[in-house]
Amino acid sequence: MNDDAPADLWDAIGRLHAWLDAHRAHDGPDGLLLRILKLSEEVGEVAEAVIGATGQNPRKGTTHSWEDVQAELCDVVITALVALRTMTPDAREVFTAHLERVTARSLPAPVTGPDRAAPDRP
């Protein structure tokens, strides 16, 4: 993939979901639970990469880069979104609504309009 044509996130998640469903070993609730459990495996790989990037295992030394950590974090996000899509065909809407709730409770509301404070001028 080149930088000029980025993949649509939700299209890619939908295609990955379909591919995984076509190749799954377990259906129904077991398949969903295993797909969610995959998140734990991916988070463990993030931890392994951080330990490797910081050289915290004296027996192994530095075995990973911070780019490896970034890639593993991306795997966590992808795995979580595919698991969400497995739970609901409305994954995009569910995620967007949840993100809006999180940002609304976490970030101050933007100041707009006539009440907006003007910058100090000499």
# chains A, B, ... in the order shown; residues from 1 in each chain; ligands from 1

$ closest_atom_pairs --of "region 67-95 of chain A" --to "region 33-57 of chain A" --cutoff "8 Å" --atoms "only C-alpha atoms" --output "tab-separated table"
residue	atom	partner	partner_atom	distance
A:Asp68	CA	A:Ala49	CA	6.3
A:Val69	CA	A:Ala49	CA	5.3
A:Glu72	CA	A:Val46	CA	5.2
A:Leu73	CA	A:Val46	CA	6.2
A:Asp75	CA	A:Glu42	CA	6.6
A:Val76	CA	A:Glu42	CA	5.5
A:Thr79	CA	A:Leu39	CA	6.2
A:Ala80	CA	A:Leu39	CA	6.5
A:Ala83	CA	A:Ile36	CA	5.7

$ residues_around --residues "Glu93 (chain A)" --least-positions-apart "5" --cutoff "12 Å" --atoms "only C-alpha atoms" --output "MDAnalysis selection string"
chainID A and resid 10 81 84:85 88 98:100

$ write_last_selection --atoms "N, CA and C atoms" --output "PDB file, in the first residue's frame"
ATOM      1  N   TRP A  10     -12.382   0.970   8.094  1.00  0.00           N
ATOM      2  CA  TRP A  10     -13.490   0.050   8.326  1.00  0.00           C
ATOM      3  C   TRP A  10     -13.672  -0.926   7.173  1.00  0.00           C
ATOM      4  N   LEU A  81     -10.509  -4.186  16.850  1.00  0.00           N
ATOM      5  CA  LEU A  81     -11.553  -3.763  15.920  1.00  0.00           C
ATOM      6  C   LEU A  81     -12.181  -4.957  15.206  1.00  0.00           C
ATOM      7  N   LEU A  84     -14.506  -6.487  17.703  1.00  0.00           N
ATOM      8  CA  LEU A  84     -15.731  -5.679  17.787  1.00  0.00           C
ATOM      9  C   LEU A  84     -16.625  -5.963  16.587  1.00  0.00           C
ATOM     10  N   ARG A  85     -16.033  -6.042  15.408  1.00  0.00           N
ATOM     11  CA  ARG A  85     -16.814  -6.353  14.200  1.00  0.00           C
ATOM     12  C   ARG A  85     -17.423  -7.743  14.288  1.00  0.00           C
ATOM     13  N   THR A  88     -20.585  -7.311  16.336  1.00  0.00           N
ATOM     14  CA  THR A  88     -21.682  -6.550  15.750  1.00  0.00           C
ATOM     15  C   THR A  88     -21.323  -6.067  14.353  1.00  0.00           C
ATOM     16  N   HIS A  98     -18.791   5.391  21.029  1.00  0.00           N
ATOM     17  CA  HIS A  98     -18.000   5.245  22.248  1.00  0.00           C
ATOM     18  C   HIS A  98     -16.853   6.255  22.278  1.00  0.00           C
ATOM     19  N   LEU A  99     -16.193   6.447  21.152  1.00  0.00           N
ATOM     20  CA  LEU A  99     -15.114   7.430  21.082  1.00  0.00           C
ATOM     21  C   LEU A  99     -15.636   8.828  21.394  1.00  0.00           C
ATOM     22  N   GLU A 100     -16.817   9.157  20.901  1.00  0.00           N
ATOM     23  CA  GLU A 100     -17.415  10.466  21.208  1.00  0.00           C
ATOM     24  C   GLU A 100     -17.682  10.608  22.704  1.00  0.00           C
TER      25      GLU A 100
END

$ select_by_dssp --residues "chain A" --states "helix (DSSP H, G or I)" --output "number ranges by chain"
A: 9-22, 28-54, 66-87, 91-106, 113-115

$ closest_residue --among "A:Pro29, A:Val77, A:Thr86, A:Thr62" --to "Arg15 (chain A)" --atoms "only C-alpha atoms"
A:Thr86

$ closest_residue --among "A:Leu32, A:Arg92, A:Leu20, A:Pro110" --to "Asp8 (chain A)" --atoms "only C-alpha atoms"
A:Arg92

$ atom_distance --atom1 "CA of Met87 (chain A)" --atom2 "CA of Thr103 (chain A)"
23.1 Å
